[in-house]
Amino acid sequence: MARSKREIQEINAGSMADIAFLLLIFFLVTTTMDVDTGLMRVLPPPILEDVPPPPPVKMRNVFVVLANSADNLLVEDEYMQVEDLKDAAKEFIIGQPNNPGNERFPEFKVSEDPLIIKYFGANYLISKQIVSLQNDRGTSYQLYIAIQDQLATAYSEVRDEVAMNQFGKKYKELKESKSKVDNEKAKAVRKLIPQRISEAEPKEIGG
Amino acid sequence: MQIRKKGKKTVPPVSTASLPDIVFMLLFFFMVTTVMRETSLKVTHVIPKAKEVAKLERKSLVAYIHIGPPLKPLQSIMGTEPRIQLDDAFAMPSDIATFVESVKAETNEAEVPLLTYSLKVDVKTKMGIVVDVKQELRKANALKINYSTSKIIDKATTL
């Protein structure tokens, strides 16, 4: 026999790259990589007919934001630009706990929450603030999101300030911290300054 | 000089044997980091921007509601006014209850309270249609919503 040892032929791997490229391109086309971010909100539960309406809230505790169909903003009966909303809301949320007679700012009450007592003491005053947002059906979505964003920023900045004064850390650091104690502190801050954004049923305000 | 006989020095060809490995590496990277596209969009939307955004975790627990003007080729039939898209089809606000039910039915019962409804709405949309959608979601007891917004990269706040 001429050939005593038959060698196994090597498989040509030259086209392997092409196959892999084909797969790669398939995945590039059919998949998405966008990281979804957004403003999280919780809608109020549906109104049941036989449940009595909640007790009315005192007007001085409510920070009223109105947006009309021409994208104008009326905040506490004053015309305002959306960029200024954050500072106005912040001022309202902080309020003036030492000056309860001022009708411009919300009332305060002593908290009985055990978590707040644990971290802030028994006589810490918490604000009864509520932000009320009402928009027209003709308001643009852009303005609506800008308002929501400004209000959310106002709340998070107030929380940051409180957390910084009390614990020397920002609220976000506490919340994302690995330690249980820090998470509890974040919860206390959240209870101290609850994000209360109430959205009225939309009306045709017009304008 | 016996060692180098012939004068011409040829550069050996670059080995392409590792090319498949490189491409496979890329392939695996994309397979791991991306998610399969579930619907093809029939509406266009430019998502608004905001600062206080939160990341949406667990995409399997997110249902999308798209609102925006129909794509160019569909405008002759559907008009240019913003429309709602659920799954792969145009819908009316009254269809949302059925949509929510089907999403809930597909989800593990224990995870139903964690379901988030992401509203992807075009910036130029008027609030009327968004309000209708929100009211329908409320009626269907789908309360966790997310206004999809991209993050503004603000240098002043990152300092």
# chains A, B, ... in the order shown; residues from 1 in each chain; ligands from 1
>>> interface_residues(of="chain B", to="chain A", cutoff="8 Å", atoms="only C-alpha atoms", output="PyMOL selection string")
chain B and resi 16-17+19-21+23-24+26-27+30-31+33-37+48+50-56+121-129+131+134+138-139+141+143-151
>>> write_last_selection(atoms="N, CA and C atoms", output="compact mmCIF listing (two decimals), in the first residue's frame")
# COMPACT_ATOMS: atom_id res chain seq x y z
N THR B 16 -5.94 34.61 10.20
CA THR B 16 -7.33 34.98 10.49
C THR B 16 -8.03 33.91 11.32
N ALA B 17 -7.24 33.03 11.85
CA ALA B 17 -7.84 31.93 12.60
C ALA B 17 -8.59 32.42 13.83
N LEU B 19 -10.24 35.21 14.05
CA LEU B 19 -11.36 36.09 13.71
C LEU B 19 -12.70 35.54 14.18
N PRO B 20 -12.99 34.25 13.97
CA PRO B 20 -14.26 33.74 14.48
C PRO B 20 -14.41 33.92 15.98
N ASP B 21 -13.32 33.74 16.70
CA ASP B 21 -13.40 33.90 18.15
C ASP B 21 -13.79 35.31 18.53
N VAL B 23 -15.40 37.48 16.68
CA VAL B 23 -16.79 37.75 16.32
C VAL B 23 -17.75 37.05 17.27
N PHE B 24 -17.41 35.84 17.67
CA PHE B 24 -18.26 35.14 18.64
C PHE B 24 -18.34 35.90 19.95
N LEU B 26 -18.10 39.12 20.34
CA LEU B 26 -19.04 40.21 20.10
C LEU B 26 -20.47 39.70 20.15
N LEU B 27 -20.69 38.58 19.49
CA LEU B 27 -22.03 38.00 19.42
C LEU B 27 -22.57 37.73 20.82
N PHE B 30 -23.55 40.88 22.65
CA PHE B 30 -24.85 41.43 22.25
C PHE B 30 -26.00 40.55 22.73
N MET B 31 -25.79 39.24 22.71
CA MET B 31 -26.86 38.35 23.16
C MET B 31 -27.18 38.58 24.63
N THR B 33 -26.44 41.43 26.52
CA THR B 33 -26.84 42.78 26.94
C THR B 33 -28.14 43.26 26.32
N THR B 34 -28.63 42.61 25.29
CA THR B 34 -29.83 43.15 24.65
C THR B 34 -31.05 42.29 24.92
N VAL B 35 -32.17 42.85 24.59
CA VAL B 35 -33.45 42.16 24.77
C VAL B 35 -34.11 42.06 23.39
N MET B 36 -34.84 40.98 23.19
CA MET B 36 -35.53 40.81 21.90
C MET B 36 -36.61 41.90 21.72
N ARG B 37 -36.68 42.41 20.55
CA ARG B 37 -37.74 43.36 20.22
C ARG B 37 -39.07 42.62 20.21
N PRO B 48 -39.84 62.60 26.00
CA PRO B 48 -39.37 63.81 26.68
C PRO B 48 -38.19 63.54 27.60
N ALA B 50 -36.14 64.34 31.34
CA ALA B 50 -36.37 64.77 32.72
C ALA B 50 -35.13 64.47 33.54
N LYS B 51 -35.08 65.07 34.74
CA LYS B 51 -33.89 64.88 35.59
C LYS B 51 -34.07 63.74 36.58
N GLU B 52 -35.23 63.68 37.20
CA GLU B 52 -35.44 62.75 38.31
C GLU B 52 -35.88 61.38 37.82
N VAL B 53 -35.11 60.76 36.94
CA VAL B 53 -35.59 59.51 36.38
C VAL B 53 -35.11 58.32 37.19
N ALA B 54 -35.89 57.25 37.12
CA ALA B 54 -35.50 56.00 37.75
C ALA B 54 -35.43 54.94 36.66
N LYS B 55 -34.55 53.98 36.88
CA LYS B 55 -34.39 52.91 35.89
C LYS B 55 -35.51 51.90 36.04
N LEU B 56 -35.97 51.38 34.92
CA LEU B 56 -36.98 50.33 34.96
C LEU B 56 -36.27 48.99 35.07
N VAL B 121 -44.82 58.21 25.39
CA VAL B 121 -45.68 59.21 24.77
C VAL B 121 -44.81 60.25 24.07
N ASP B 122 -45.27 60.65 22.89
CA ASP B 122 -44.57 61.68 22.13
C ASP B 122 -44.71 63.03 22.84
N VAL B 123 -43.67 63.84 22.78
CA VAL B 123 -43.71 65.12 23.50
C VAL B 123 -44.80 66.05 23.01
N LYS B 124 -45.16 65.94 21.73
CA LYS B 124 -46.12 66.91 21.18
C LYS B 124 -47.57 66.51 21.44
N THR B 125 -47.77 65.34 22.05
CA THR B 125 -49.13 64.89 22.34
C THR B 125 -49.80 65.84 23.33
N LYS B 126 -51.12 65.99 23.18
CA LYS B 126 -51.87 66.74 24.17
C LYS B 126 -52.26 65.81 25.30
N MET B 127 -52.48 66.38 26.47
CA MET B 127 -52.75 65.56 27.65
C MET B 127 -54.07 64.80 27.56
N GLY B 128 -55.01 65.25 26.72
CA GLY B 128 -56.33 64.62 26.66
C GLY B 128 -56.26 63.12 26.53
N ILE B 129 -55.52 62.66 25.54
CA ILE B 129 -55.44 61.22 25.26
C ILE B 129 -54.70 60.49 26.40
N VAL B 131 -54.68 61.42 29.51
CA VAL B 131 -55.60 61.39 30.65
C VAL B 131 -56.60 60.25 30.48
N LYS B 134 -54.90 57.09 31.31
CA LYS B 134 -54.69 56.95 32.75
C LYS B 134 -55.97 56.58 33.47
N ARG B 138 -56.63 53.24 35.64
CA ARG B 138 -57.14 53.28 37.01
C ARG B 138 -58.31 52.34 37.17
N LYS B 139 -59.22 52.39 36.21
CA LYS B 139 -60.41 51.54 36.28
C LYS B 139 -60.01 50.07 36.25
N ASN B 141 -57.44 48.86 37.51
CA ASN B 141 -56.60 48.59 38.66
C ASN B 141 -55.13 48.36 38.28
N LEU B 143 -52.14 50.35 38.56
CA LEU B 143 -51.84 51.65 39.16
C LEU B 143 -50.38 52.06 39.06
N LYS B 144 -49.51 51.10 38.85
CA LYS B 144 -48.08 51.44 38.79
C LYS B 144 -47.75 51.86 37.37
N ILE B 145 -47.49 53.12 37.18
CA ILE B 145 -47.17 53.56 35.82
C ILE B 145 -45.80 54.24 35.81
N ASN B 146 -45.30 54.37 34.62
CA ASN B 146 -43.99 54.98 34.43
C ASN B 146 -44.07 55.85 33.19
N TYR B 147 -43.84 57.14 33.37
CA TYR B 147 -43.77 58.01 32.19
C TYR B 147 -42.37 57.88 31.63
N SER B 148 -42.26 57.26 30.49
CA SER B 148 -40.93 57.03 29.93
C SER B 148 -40.28 58.36 29.56
N THR B 149 -39.12 58.61 30.15
CA THR B 149 -38.37 59.83 29.84
C THR B 149 -36.90 59.47 29.81
N SER B 150 -36.17 60.19 28.99
CA SER B 150 -34.73 59.97 29.01
C SER B 150 -34.10 60.98 29.96
N LYS B 151 -32.93 60.65 30.43
CA LYS B 151 -32.30 61.49 31.45
C LYS B 151 -31.54 62.65 30.81
>>> select_by_dssp(residues="chain A", states="helix (DSSP H, G or I)", output="ChimeraX atom specification")
/A:16-30,59-61,82-94,114-120,141-167,171-176,180-192
>>> residues_around(residues="Thr98 (chain B)", least_positions_apart="5", cutoff="10 Å", atoms="only C-alpha atoms", output="PyMOL selection string")
chain B and resi 103-104+140
>>> write_last_selection(atoms="C-alpha atoms", output="compact mmCIF listing (two decimals), in the first residue's frame")
# COMPACT_ATOMS: atom_id res chain seq x y z
CA VAL B 103 -50.96 41.23 30.51
CA LYS B 104 -52.02 40.13 33.97
CA ALA B 140 -58.52 48.36 35.38
>>> residues_around(residues="region 127-133 of chain A", least_positions_apart="4", cutoff="6 Å", atoms="only C-alpha atoms", output="PyMOL selection string")
chain A and resi 61-65+106-108+196-199
>>> atom_distance(atom1="CA of Gln96 (chain A)", atom2="CA of Asp160 (chain A)")
17.8 Å
>>> atom_distance(atom1="CA of Asp95 (chain B)", atom2="CA of Arg58 (chain B)")
25.1 Å
>>> residues_around(residues="Asn123 (chain A)", least_positions_apart="5", cutoff="12 Å", atoms="only C-alpha atoms", output="PyMOL selection string")
chain A and resi 97+108-114+116-118
>>> atom_distance(atom1="CA of Val189 (chain A)", atom2="CA of Glu176 (chain A)")
13.5 Å
>>> residues_around(residues="Glu161 (chain A)", least_positions_apart="2", cutoff="12 Å", atoms="only C-alpha atoms", output="list in words")
Lys90, Ile93, Ile94, Ala154, Tyr155, Ser156, Glu157, Val158, Arg159, Ala163, Met164, Asn165, Gln166, Phe167, Gly168, Lys169, Lys170, Tyr171, Lys172, Val189 and Ile193 of chain A
>>> closest_residue(among="B:Ile67, B:Val62, B:Ile153, B:Val32", to="Pro82 (chain B)", atoms="only C-alpha atoms")
B:Ile67
